[in-house]
Amino acid sequence: MLNSLLPSLLPFLVVLTLSLWVIGAIRRVNMWRQGQDNPVAFFPAIKAIIPRYLNDLHHVVERDKYISNTHVATAGGFVLSMVLIILVYVFGLAPEILGKLLLASLAMMFVGACFVAKRRINPPSRLSKGPWMRLPKSLISFSLSFFILTLPASGVISADAFGWVLVVILSAFSFMGLTEMLFGMTWGGPMKHAFAGALHLGFHPRQDRFNGGRSTGLKALDLNRPMVDKDAKLGVEMPADFKWNQLLGFDACVQCGRCESMCPAFAAGQPLNPKKVIQDIVIGMSHAQDATTEANYYGSPYPENQGVEVKDHKGDMHQPIVNGLIEPETLWSCTTCRACVEECPMFIEHVDAIVDMRRFLTLEKGQTPGQGTQVIDNLIATDNPNGYNPTHRMNWAADQNLPLMKDVKRTQVLLWMGDAAFDMRGQRTLRAVVKLLRSANVEFAVLGNEEKDSGDLARRLGDEATFQRLANANIATLRQYHFDMIVTADPHSFHVIGNEYGELGGQYKVLHHTTFMNELSESGRLHLKDDLRGKVTYHDPCYLGRYNGEFEAPRSLLKSMGADFVEMERSNFRSRCCGGGGAAPITDIPGEKRIPDMRIDDANATGAEIVAVACPQCALMLEGVVTPRPEIKDIAELLVEQLVIQDAAESNKQTPAEVH
Amino acid sequence: MPLSQLTTHTLLSLGKHPLSGRTRRAEQDAKAFELAAKLGQCLGLHAGNYQDADALKSFAGMSIAPVCILEIEQSSDPVAALSAYFKQTKSDIILTGSQAERGESSGMLPYLLGKSLDLPVINQVCEVEQTETGLNITQALPRGARRALSVKPPCILIIDESAPEARQTAYGAAMRAEVGKLQGYNEADTDAANFNFEDARKKPKRMKKIKAKTAADRFKAATVSQAKGGQVIEPKTSQEGAEAILKLLKEEGLVKTN
Amino acid sequence: MANHVKRVDPHLERIKRNRLHPRHLELTATAISMGPNGIIRKDPHKVGFMGPNGIKRIDRANLNQASGNVVSQMQIEEQKPKHIIESPTRYIVVLPDLAAGRLSSHDKDVLGYAHTLADENTAVIAIAFGEHKESGWQDAGVDRLLELNDDIYQGFSPEARIQALVQIEQSLDVTHFLFPDSIDGGADLGRRFAAELDSRPVTHGWKPLEDSIICRASAGTQDLTKTLSKVMLLDAEVADPIDETQHAASTLDELELAVSAKALINDLGMLAVNPADISLSVAPFILSGGNGIRDWDTFHQAASILGATEGASRVAVDDGFMPRHRQVGASGIWVSARVYIAVGISGAVQHLQGISQVDKVIAINTNTKCDMIKRADLSIIADSTDILNALVELVQAQEVSEGESHAA
């Protein structure tokens with residue numbers, strides 16, 4: 001009985017689900033291809049999938065040891081089993097040997113599946129429920145039913161050991177497993193993440209992110225398109241306006257909610273949940289397509305307001321996202337801190353997507369919220385966000401006698417002041433930096449009133465036009481002069497000039513002041529006392545740390561000052577944003593708490609008396625927290641306090657103008 | 001006469017940022033345009049040179065109505081050109097700002113236009129509403145006070161600062177917009193040709209004039225501290241504190257005295 | 001006969017000669033004399049008295065003679081020279097705003113400017129449209145006063161006012177019509193009149209020169225010098241107000257004006273404005289709350305009963321008690337209220353910057369050391385909730401008693 005049934009039924013089921021898999025895969029690929037072109041070389045991309053999985057992806061997943069081991073067992077077991085099932089059942093190759101191998105891989109998958117099931121007994125809130133609760137059952141039924149069915153096929157037990165009823169039941173279970181694992185993989189189901197995820201690793205829109213690379217700069221928009229093509233739009237209005245591989249990325253989301261647990265806006269109760277943003281877009285683009293997800297979402301909602309209720313979603317590949325799927329407040333809550341991107345095991349680019357949608361709202365709709373409109377108008381008219389007179393940028397340095405590039409033309413270090421030059425808090429830091437540079441006898445100069453806002457704020461507000469105008473103007477100014485490097489105390493300028501000006505034709509060596517000071521200190525040009533009083537903690541600026549990977553220099557400086565240094569619970573690449581990035585203080589979307597308050601809570605938990613910062617925006621945000629709180633000091637200010645003043649003759653030589 | 005059948009023109013001019021001097025959309029005109037958005041069919045009209053078309057796209061980027069340039073020569077009087085235009089093209093409502101951000105900026109244009117077209121002119125308008133018989137206008141007075149007026153169109157309305165904020169100019173919409181062109185009537189403004197503009201001098205702060213007849217009085221005025229030295233009360237009962245506040249409020253006429 | 005004998009006390013004579021003697025001044029009188037230019041001179045050696053510690057004190061500021069001072073001031077006022085123009089041949093017409101029924105300082109500056117243009121045969125006429133409460137016309141430089149307070153001139157009545165002005169222009173020899181260029185009415189009326197006469201006016205004139213005046217142009221960013229015109233609109237502080245002469249302010253009654261009541265614009269009256277709807281930057285009365293407030297309901301209740309517009313400090317906004325558009329300060333809104341009540345606001349620099357144009361600041365705070373109290377004109381050191389509650393009760397009690405008196 002079994003002899004007649006098994007050989008025909010199982011291969012049939014496998015072939016059936018495999019064919020459905022192929023059809024689904026074609027449909028899915030076609031769906032992604034409705035997005036905009038973004039060419040990635042095909043074969044190198046396919047070739048890159050496995051190394052990127054083993055290196056980059058695993059590196060992120062491994063931050064949660066439990067799930068990384070579980071995933072290796074389950075996914076590895078499944079991939080191996082599937083290959084063997086095809087070989088054994090469809091092609092009938094060496095069932096004796098391969099069958100035993102299959103048993104082993106199914107066993108491995110089964111063990112993994114059990115751990116998946118255990119995680120699902122009392123899942124943390126960040127995990128999505130719904131079909132995801134079904135996944136461990138599907139995994140177990142797949143691995144267990146195939147395991148039992150394979151026992152006779154591999155000759156471990158007699159071929160007649162099972163009655164036909166049992167075979168039918170087992171086949172039903174294996175069919176259920178196959179449906180979830182193969183059909184669901186391409187027609188929409190939890191296993192979709194495997195198919196889309198693998199391809200996303202290969203065809204990722206930021207190819208430089210992998211293999212230890214870092215790609216964090218926003219990509220430029222072609223602003224001339226509306227003039228050439230009247231129908232072309234700036235930014236993303238509907239899912240089809242994303243690049244095709246961005247859509248692929250959204251589809252790869254496993255809804256693990258790691259982004260949600262890291263998002264400062266979510267924690268502050270602002271209406272943003274990065275996971276739901278991605279899922280809202282997915283629902284919009286694929287609901288007409290997906291057979292099994294039923295266009296639904298089973299994760300945490302947006303805090304504060306619920307956003308557009310899933311049942312009220314009006315979305316489609318070719319319908320506007322904002323107000324149909326996502327409310328604008330959600331997009332404007334983001335601080336662009338990249339904590340979600342850093343944490344995402346599927347390498348989804350949430351921030352890019354949010355900025356793309358912001359670009360449409362600002363450039364095409366004119367709907368920048370809060371003070372955003374005014375800030376943009378100020379940037380357009382005065383080259384600084386607060387509308388100060390552009391000829392007053394150097395006023396802070398009236399007593400500093402700073403050399404201007406306009407006069408010296410050539411220097412070693414160009415000190416980029418940033419908009420901190422207009423702000424009294426920022427000026428304190430700038431004075432400290434100037435003092436340090438002079439004390440280390442660094443040859444430097446500033447652009448003075450020729451400097452303009454770097455464009456960071458305009459770009460994060462979605463105003464690419466103003467960004468490009470400012471960037472091009474700055475590049476044109478810089479082109480007139482010769483300098484070895486730019487040093488700045490503003491991580492936002494540092495990031496934008498270093499990573500985003502390149503695309504517009506400005507290639508510079510840019511250093512953050514902490515990096516430069518650390519070099520000076522290590523090379524013995526900066527003499528520091530190592531008796532810094534009080535417990536110190538350090539707050540990583542997002543645009544220095546996560547965006548540019550500089551975690552060490554500030555810490556090393558603090559240690560060389562002899563600081564009693566403590567880390568906050570969230571530090572380094574997991575540092576919590578101060579709430580000041582991405583124009584969030586300007587759009588000012590209300591939440592339950594304020595992000596800087598939460599950050600000061602983090603600092604208070606360490607018992608630190610001083611929070612060292614390295615960004616004028618962080619200083620402003622954290623100092624805005626009501627006292628009592630630790631003192632907020634820029635590292636440059638701490639360095640000046642610990643500075644050992646060089647002998648007089650030396651410093652006189654350097655700054656003769658001050659002496660006379 | 002339903003609102004949608006009213007024809008509205010908004011007079012648009014090029015602004016100038018007070019600090020950087022860069023060209024921008026004139027703020028009050030943008031507010032006027034914003035108000036026009038809800039008043040039916042509208043056209044944004046600028047009397048000037050077509051070379052300024054690019055700068056006027058900042059109005060077109062508001063996506064309220066088409067923007068058109070009534071082309072006249074540099075030396076021509078815009079009032080004459082607009083007056084000739086409106087004698088040909090009837091408009092129920094003409095909305096303007098109160099003064100230009102460039103040039104003489106005398107704020108005379110709407111009044112001269114009103115005189116020449118024989119239309120009523122209402123200034124400091126912050127809200128317009130249509131009624132069965134005409135328009136109900138809310139006029140903004142200093143310190144937040146408001147007055148209701150009614151007028152029958154056609155009329156000229158001058159916008160007040162407190163009118164609703166103008167919407168943002170969308171870059172994409174502005175880039176795509178095409179600015180229309182009409183031939184305007186030229187009549188030279190001879191006075192204006194001789195105007196000689198200079199940077200605004202700083203207004204000196206008015207000195208406190210000391211009218212002391214004797215040296216001692218002059219000495220006293222120069223030395224005795226002018227600081228009022230605020231009164232500080234630590235009231236025994238909250239009643240006492242409240243009374244002190246109420247007394248001051250009554251002196252200032254903010255709470256009625258009985 | 002003893003009276004005829006001149007007795008000399010050699011002791012006193014010695015004291016008179018000895019300038020260093022403590023009693024020297026008592027004996028050498030006449031400290032005040034008339035100088036050669038008619039200016040009163042005081043000999044500092046001859047004034048003063050002995051202080052309690054034997055140190056000579058000169059009371060230059062007359063601090064100990066306050067009452068005497070008042071008397072002398074009154075005498076000065078009475079002595080103001082009269083400026084009388086019996087039979088003027090020409091006129092300068094000034095149209096004061098009379099905002100709130102009184103001459104504003106801007107009005108007085110324009111009157112002052114009028115006199116810089118007037119010769120001995122020119123009289124300055126002030127025209128007062130509508131009701132007013134002003135009584136100090138004589139001291140403000142008004143030679144002739146024309147009060148036009150018929151019904152047609154009440155409220156917003158530009159058409160009637162322009163008709164009247166045109167008839168005045170036709171019947172008198174007027175060299176200039178002067179208006180304050182202000183939002184209280186002068187800016188509008190002056191421009192209307194200039195358009196009516198088809199005469200290019202001086203607008204935003206701020207600095208008089210010989211035969212011309214510098215005007216603000218380009219919305220205040222440029223200057224433009226214009227020759228004096230028939231109609232002139234002048235900025236505040238264009239000239240010093242009149243204060244040293246007294247004028248007749250006699251009624252100008254030989255005019256017969258025939259103004260028709262027909263108007264295209266109808267004034268439907270003032271609208272009741274909810275203080276909450278007034279933009280903070282122009283609101284006349286602001287109740288502003290900060291970190292020290294425990295009970296926000298009381299705060300809102302007080303604001304509505306007092307008829308004040310609500311403001312807030314940055315912290316109150318950050319903590320979500322007030323919306324962002326209510327934030328007062330350098331990073332929020334700069335206010336210009338007549339009275340600003342700061343409840344539980346300690347007074348951060350940015351906040352104090354934002355209220356720098358406020359006339360009267362009242363602080364309610366528990367901390368006597370805070371900066372707001374240094375700024376405030378009146379500070380109440382007490383718990384804010386109690387004070388606000390008491391204030392609400394007082395105002396309500398007053399309203400009740402008013403209601404009763406109305407009923408009676």
# chains A, B, ... in the order shown; residues from 1 in each chain; ligands from 1
>>> closest_atom_pairs(of="chain C", to="chain B", cutoff="6 Å", atoms="only C-alpha atoms", output="tab-separated table")
residue	atom	partner	partner_atom	distance
C:Arg60	CA	B:Ala216	CA	5.3
C:Ala61	CA	B:Lys220	CA	4.9
C:Arg192	CA	B:Tyr111	CA	5.8
C:Ala195	CA	B:Leu112	CA	5.1
C:Thr203	CA	B:Ser106	CA	5.7
C:Ala217	CA	B:Glu104	CA	5.0
C:Ser218	CA	B:Arg102	CA	4.0
C:Ala219	CA	B:Glu101	CA	4.7
C:Thr221	CA	B:Ala200	CA	5.3
C:Gln222	CA	B:Ala200	CA	4.0
C:Asp223	CA	B:Ala200	CA	4.7
C:Leu224	CA	B:Phe197	CA	5.1
C:Ile265	CA	B:Val151	CA	5.0
C:Asn266	CA	B:Ser150	CA	5.2
C:Asp267	CA	B:Leu149	CA	4.7
C:Leu268	CA	B:Ala148	CA	5.1
C:Gly269	CA	B:Ala148	CA	5.7
C:Met270	CA	B:Arg147	CA	4.2
C:Leu271	CA	B:Arg147	CA	5.3
C:Ile278	CA	B:Gly144	CA	5.3
C:Val282	CA	B:Arg143	CA	5.0
C:Ala283	CA	B:Arg143	CA	5.4
C:Pro284	CA	B:Arg143	CA	5.7
C:Ala376	CA	B:Gly230	CA	5.7
C:Asp377	CA	B:Gly230	CA	4.0
C:Leu378	CA	B:Gln231	CA	4.7
C:Ser379	CA	B:Val232	CA	4.6
C:Ile380	CA	B:Ile233	CA	5.0
C:Ile381	CA	B:Glu234	CA	4.8
C:Asp386	CA	B:Ser238	CA	5.9
C:Ile387	CA	B:Ser238	CA	5.1
C:Ala390	CA	B:Gln239	CA	5.4
C:Leu391	CA	B:Ala242	CA	4.8
>>> write_last_selection(atoms="C-alpha atoms", output="short mmCIF file (atom, residue, chain, number, x, y, z; two decimals), in the first residue's frame")
data_model
loop_
_atom_site.label_atom_id
_atom_site.label_comp_id
_atom_site.auth_asym_id
_atom_site.auth_seq_id
_atom_site.Cartn_x
_atom_site.Cartn_y
_atom_site.Cartn_z
CA ARG C 60 21.96 118.58 45.53
CA ALA C 61 19.06 116.35 44.54
CA ARG C 192 -6.79 107.36 1.12
CA ALA C 195 -5.06 109.02 -3.43
CA THR C 203 5.20 107.93 3.65
CA ALA C 217 11.38 102.59 1.72
CA SER C 218 11.63 98.93 0.72
CA ALA C 219 9.61 97.93 3.76
CA THR C 221 15.28 98.41 4.65
CA GLN C 222 16.14 101.50 2.60
CA ASP C 223 15.92 105.26 2.88
CA LEU C 224 14.49 107.58 0.27
CA ILE C 265 -18.41 100.11 3.43
CA ASN C 266 -20.64 99.38 6.42
CA ASP C 267 -19.22 99.14 9.90
CA LEU C 268 -20.96 96.28 11.68
CA GLY C 269 -19.23 97.02 14.95
CA MET C 270 -16.48 95.49 17.01
CA LEU C 271 -16.35 91.74 17.33
CA ILE C 278 -5.47 86.45 19.93
CA VAL C 282 0.00 91.14 19.89
CA ALA C 283 -2.10 90.11 22.89
CA PRO C 284 -2.47 92.96 25.39
CA ALA C 376 8.82 92.13 37.64
CA ASP C 377 7.05 95.34 38.55
CA LEU C 378 4.99 93.48 41.08
CA SER C 379 5.95 90.18 42.64
CA ILE C 380 3.78 88.01 44.81
CA ILE C 381 5.73 85.45 46.81
CA ASP C 386 -3.76 79.77 45.90
CA ILE C 387 -3.19 83.19 44.39
CA ALA C 390 -8.12 83.97 45.14
CA LEU C 391 -7.89 86.14 42.04
#
>>> interface_residues(of="chain A", to="chain B", cutoff="9 Å", atoms="only C-alpha atoms", output="short mmCIF file (atom, residue, chain, number, x, y, z; two decimals) with N, CA and C atoms, in the first residue's frame")
data_model
loop_
_atom_site.label_atom_id
_atom_site.label_comp_id
_atom_site.auth_asym_id
_atom_site.auth_seq_id
_atom_site.Cartn_x
_atom_site.Cartn_y
_atom_site.Cartn_z
N LEU A 223 17.12 67.02 -9.36
CA LEU A 223 16.13 68.09 -9.22
C LEU A 223 15.64 68.62 -10.56
N ASN A 224 16.33 68.27 -11.63
CA ASN A 224 15.91 68.78 -12.93
C ASN A 224 14.81 67.95 -13.55
N PRO A 226 11.63 67.36 -12.85
CA PRO A 226 10.30 67.94 -13.13
C PRO A 226 10.31 68.85 -14.35
N MET A 227 11.47 69.43 -14.66
CA MET A 227 11.51 70.34 -15.80
C MET A 227 11.60 69.57 -17.11
N LYS A 230 7.30 66.37 -17.12
CA LYS A 230 6.27 67.02 -16.30
C LYS A 230 5.61 66.06 -15.31
N LYS A 233 8.06 63.04 -10.41
CA LYS A 233 7.91 63.74 -9.13
C LYS A 233 9.16 63.59 -8.30
N LEU A 234 9.31 64.50 -7.37
CA LEU A 234 10.47 64.49 -6.48
C LEU A 234 10.07 63.78 -5.20
N PHE A 360 8.93 64.05 -0.74
CA PHE A 360 7.71 64.30 -1.52
C PHE A 360 6.83 65.34 -0.82
N LEU A 361 6.67 65.16 0.50
CA LEU A 361 5.80 66.09 1.24
C LEU A 361 6.31 67.52 1.14
N THR A 362 7.61 67.69 1.24
CA THR A 362 8.17 69.04 1.23
C THR A 362 8.26 69.60 -0.18
N LEU A 363 8.83 68.81 -1.09
CA LEU A 363 9.12 69.36 -2.42
C LEU A 363 7.88 69.43 -3.31
N GLU A 364 6.99 68.48 -3.15
CA GLU A 364 5.84 68.45 -4.06
C GLU A 364 4.56 68.97 -3.40
N LYS A 365 4.43 68.74 -2.11
CA LYS A 365 3.18 69.14 -1.46
C LYS A 365 3.33 70.44 -0.69
N GLY A 366 4.55 70.80 -0.33
CA GLY A 366 4.72 71.99 0.51
C GLY A 366 4.08 71.79 1.86
N GLN A 367 4.29 70.62 2.45
CA GLN A 367 3.63 70.33 3.73
C GLN A 367 4.64 70.01 4.83
N THR A 368 5.71 70.77 4.89
CA THR A 368 6.64 70.59 6.01
C THR A 368 5.95 71.09 7.27
N THR A 373 8.67 74.95 7.86
CA THR A 373 8.55 75.90 6.76
C THR A 373 9.42 77.12 6.99
N GLN A 374 9.36 77.61 8.22
CA GLN A 374 10.12 78.81 8.55
C GLN A 374 11.61 78.54 8.47
N ASP A 377 12.59 78.48 4.91
CA ASP A 377 12.62 79.84 4.38
C ASP A 377 13.87 80.57 4.85
N ILE A 380 16.87 79.35 2.99
CA ILE A 380 16.87 79.88 1.63
C ILE A 380 17.34 81.33 1.63
N ALA A 381 16.85 82.09 2.61
CA ALA A 381 17.12 83.53 2.57
C ALA A 381 18.42 83.92 3.28
N THR A 382 18.80 83.18 4.33
CA THR A 382 19.94 83.64 5.14
C THR A 382 21.02 82.58 5.33
N GLY A 387 17.56 82.23 10.74
CA GLY A 387 17.31 83.52 10.11
C GLY A 387 18.18 84.64 10.64
N TYR A 388 19.37 84.30 11.14
CA TYR A 388 20.28 85.37 11.56
C TYR A 388 20.89 86.01 10.32
N ASN A 389 21.36 87.22 10.50
CA ASN A 389 22.01 87.91 9.40
C ASN A 389 23.24 87.11 8.99
N PRO A 390 23.32 86.72 7.70
CA PRO A 390 24.45 85.87 7.30
C PRO A 390 25.80 86.56 7.46
N THR A 391 25.81 87.87 7.56
CA THR A 391 27.09 88.54 7.75
C THR A 391 27.50 88.60 9.22
N ASP A 463 13.95 68.89 2.07
CA ASP A 463 14.15 69.94 1.06
C ASP A 463 15.49 69.74 0.35
N ALA A 465 16.26 70.52 -2.58
CA ALA A 465 16.65 71.67 -3.41
C ALA A 465 17.53 72.62 -2.60
#
>>> residues_around(residues="Asp530 of chain A", least_positions_apart="4", cutoff="10 Å", atoms="only C-alpha atoms", output="PyMOL selection string")
chain A and resi 558-563+642-643
>>> closest_atom_pairs(of="chain C", to="chain A", cutoff="12 Å", atoms="only C-alpha atoms", output="JSON lines")
{"residue": "C:Gly290", "atom": "CA", "partner": "A:Val626", "partner_atom": "CA", "distance": 11.8}
{"residue": "C:Asn291", "atom": "CA", "partner": "A:Val626", "partner_atom": "CA", "distance": 9.2}
{"residue": "C:Gly292", "atom": "CA", "partner": "A:Val626", "partner_atom": "CA", "distance": 12.0}
{"residue": "C:Arg314", "atom": "CA", "partner": "A:Gly624", "partner_atom": "CA", "distance": 9.1}
{"residue": "C:Val315", "atom": "CA", "partner": "A:Val626", "partner_atom": "CA", "distance": 7.5}
{"residue": "C:Ala316", "atom": "CA", "partner": "A:Val626", "partner_atom": "CA", "distance": 10.5}
{"residue": "C:Val317", "atom": "CA", "partner": "A:Pro590", "partner_atom": "CA", "distance": 10.0}
{"residue": "C:Asp318", "atom": "CA", "partner": "A:Arg594", "partner_atom": "CA", "distance": 7.4}
{"residue": "C:Asp319", "atom": "CA", "partner": "A:Lys593", "partner_atom": "CA", "distance": 7.6}
{"residue": "C:Gly320", "atom": "CA", "partner": "A:Pro590", "partner_atom": "CA", "distance": 7.6}
{"residue": "C:Phe321", "atom": "CA", "partner": "A:Pro590", "partner_atom": "CA", "distance": 11.0}
{"residue": "C:Met322", "atom": "CA", "partner": "A:Pro590", "partner_atom": "CA", "distance": 10.9}
{"residue": "C:Pro323", "atom": "CA", "partner": "A:Pro590", "partner_atom": "CA", "distance": 9.1}
{"residue": "C:Arg324", "atom": "CA", "partner": "A:Asp588", "partner_atom": "CA", "distance": 8.3}
{"residue": "C:His325", "atom": "CA", "partner": "A:Gly370", "partner_atom": "CA", "distance": 9.4}
{"residue": "C:Ala330", "atom": "CA", "partner": "A:Asn386", "partner_atom": "CA", "distance": 11.0}
{"residue": "C:Ser331", "atom": "CA", "partner": "A:Asn386", "partner_atom": "CA", "distance": 9.4}
{"residue": "C:Gly332", "atom": "CA", "partner": "A:Gln371", "partner_atom": "CA", "distance": 10.3}
{"residue": "C:Ala348", "atom": "CA", "partner": "A:Gly624", "partner_atom": "CA", "distance": 11.2}
{"residue": "C:Val349", "atom": "CA", "partner": "A:Met424", "partner_atom": "CA", "distance": 11.7}
{"residue": "C:Gln350", "atom": "CA", "partner": "A:Met424", "partner_atom": "CA", "distance": 11.4}
>>> write_last_selection(atoms="N, CA and C atoms", output="CSV table (one decimal), in the first residue's frame")
chain,number,residue,atom,x,y,z
C,290,GLY,N,4.5,78.4,33.9
C,290,GLY,CA,5.8,77.7,33.8
C,290,GLY,C,5.8,76.4,34.7
C,291,ASN,N,7.1,76.1,35.0
C,291,ASN,CA,7.3,74.8,35.7
C,291,ASN,C,6.7,74.8,37.1
C,292,GLY,N,6.5,76.0,37.7
C,292,GLY,CA,6.0,76.0,39.0
C,292,GLY,C,4.5,75.7,39.2
C,314,ARG,N,9.1,77.5,28.1
C,314,ARG,CA,9.5,76.4,27.3
C,314,ARG,C,9.3,75.1,28.0
C,315,VAL,N,9.6,75.1,29.3
C,315,VAL,CA,9.5,73.8,30.1
C,315,VAL,C,8.1,73.3,30.1
C,316,ALA,N,7.2,74.3,30.3
C,316,ALA,CA,5.8,73.9,30.4
C,316,ALA,C,5.3,73.3,29.0
C,317,VAL,N,5.9,73.8,28.0
C,317,VAL,CA,5.5,73.3,26.6
C,317,VAL,C,6.2,72.0,26.4
C,318,ASP,N,7.5,71.9,26.8
C,318,ASP,CA,8.2,70.6,26.6
C,318,ASP,C,7.5,69.5,27.4
C,319,ASP,N,7.0,69.8,28.6
C,319,ASP,CA,6.3,68.8,29.4
C,319,ASP,C,4.9,68.5,28.9
C,320,GLY,N,4.5,69.2,27.9
C,320,GLY,CA,3.2,68.9,27.3
C,320,GLY,C,2.0,69.5,27.9
C,321,PHE,N,2.2,70.5,28.8
C,321,PHE,CA,1.1,71.1,29.5
C,321,PHE,C,0.5,72.2,28.5
C,322,MET,N,1.3,72.7,27.7
C,322,MET,CA,0.8,73.8,26.8
C,322,MET,C,1.3,73.5,25.4
C,323,PRO,N,0.5,73.9,24.3
C,323,PRO,CA,1.0,73.7,23.0
C,323,PRO,C,2.2,74.6,22.6
C,324,ARG,N,2.9,74.1,21.6
C,324,ARG,CA,4.1,74.9,21.3
C,324,ARG,C,3.9,76.3,20.8
C,325,HIS,N,2.7,76.6,20.2
C,325,HIS,CA,2.5,77.9,19.7
C,325,HIS,C,2.2,78.9,20.9
C,330,ALA,N,12.7,83.8,23.5
C,330,ALA,CA,13.5,84.0,22.3
C,330,ALA,C,13.3,82.9,21.3
C,331,SER,N,13.1,81.7,21.8
C,331,SER,CA,13.0,80.6,20.9
C,331,SER,C,11.5,80.3,20.6
C,332,GLY,N,10.6,81.1,21.2
C,332,GLY,CA,9.2,81.0,20.9
C,332,GLY,C,8.7,82.3,20.3
C,348,ALA,N,14.2,82.2,32.7
C,348,ALA,CA,15.4,81.9,31.9
C,348,ALA,C,15.7,83.1,31.0
C,349,VAL,N,17.0,83.3,30.6
C,349,VAL,CA,17.4,84.4,29.8
C,349,VAL,C,16.5,84.6,28.6
C,350,GLN,N,16.3,83.4,27.9
C,350,GLN,CA,15.5,83.4,26.7
C,350,GLN,C,14.1,83.9,26.9
>>> residues_around(residues="segment 176-185 of chain C", least_positions_apart="6", cutoff="10 Å", atoms="only C-alpha atoms", output="PyMOL selection string")
(chain B and resi 123-124+140-142+160) or (chain C and resi 90-100+104+106-111+113-114+117-118+124-126+156+158+165+169+191+193-194+201-206+228-236+238)
>>> residues_around(residues="segment 56-65 of chain A", least_positions_apart="3", cutoff="8 Å", atoms="only C-alpha atoms", output="list in words")
Pro51, Arg52, Tyr53, Ser68, Asn69, Phe210, Asn211, Gly212, Glu343, Cys344, Pro345, Met346 and Phe347 of chain A
>>> write_last_selection(atoms="C-alpha atoms", output="mmCIF file, in the first residue's frame")
data_model
loop_
_atom_site.group_PDB
_atom_site.id
_atom_site.type_symbol
_atom_site.label_atom_id
_atom_site.label_comp_id
_atom_site.auth_asym_id
_atom_site.auth_seq_id
_atom_site.Cartn_x
_atom_site.Cartn_y
_atom_site.Cartn_z
ATOM 1 C CA PRO A 51 28.964 35.509 2.090
ATOM 2 C CA ARG A 52 26.811 38.465 3.160
ATOM 3 C CA TYR A 53 24.477 36.102 4.981
ATOM 4 C CA SER A 68 21.029 33.332 16.174
ATOM 5 C CA ASN A 69 21.562 29.701 17.203
ATOM 6 C CA PHE A 210 28.580 45.048 3.486
ATOM 7 C CA ASN A 211 31.916 43.531 4.290
ATOM 8 C CA GLY A 212 32.762 46.038 6.961
ATOM 9 C CA GLU A 343 19.670 46.896 14.470
ATOM 10 C CA CYS A 344 17.812 45.444 11.496
ATOM 11 C CA PRO A 345 18.941 41.900 10.672
ATOM 12 C CA MET A 346 17.457 42.232 7.192
ATOM 13 C CA PHE A 347 19.416 45.422 6.436
#
>>> residues_around(residues="Leu247 of chain A", least_positions_apart="5", cutoff="7 Å", atoms="only C-alpha atoms", output="PyMOL selection string")
chain A and resi 32+35+242
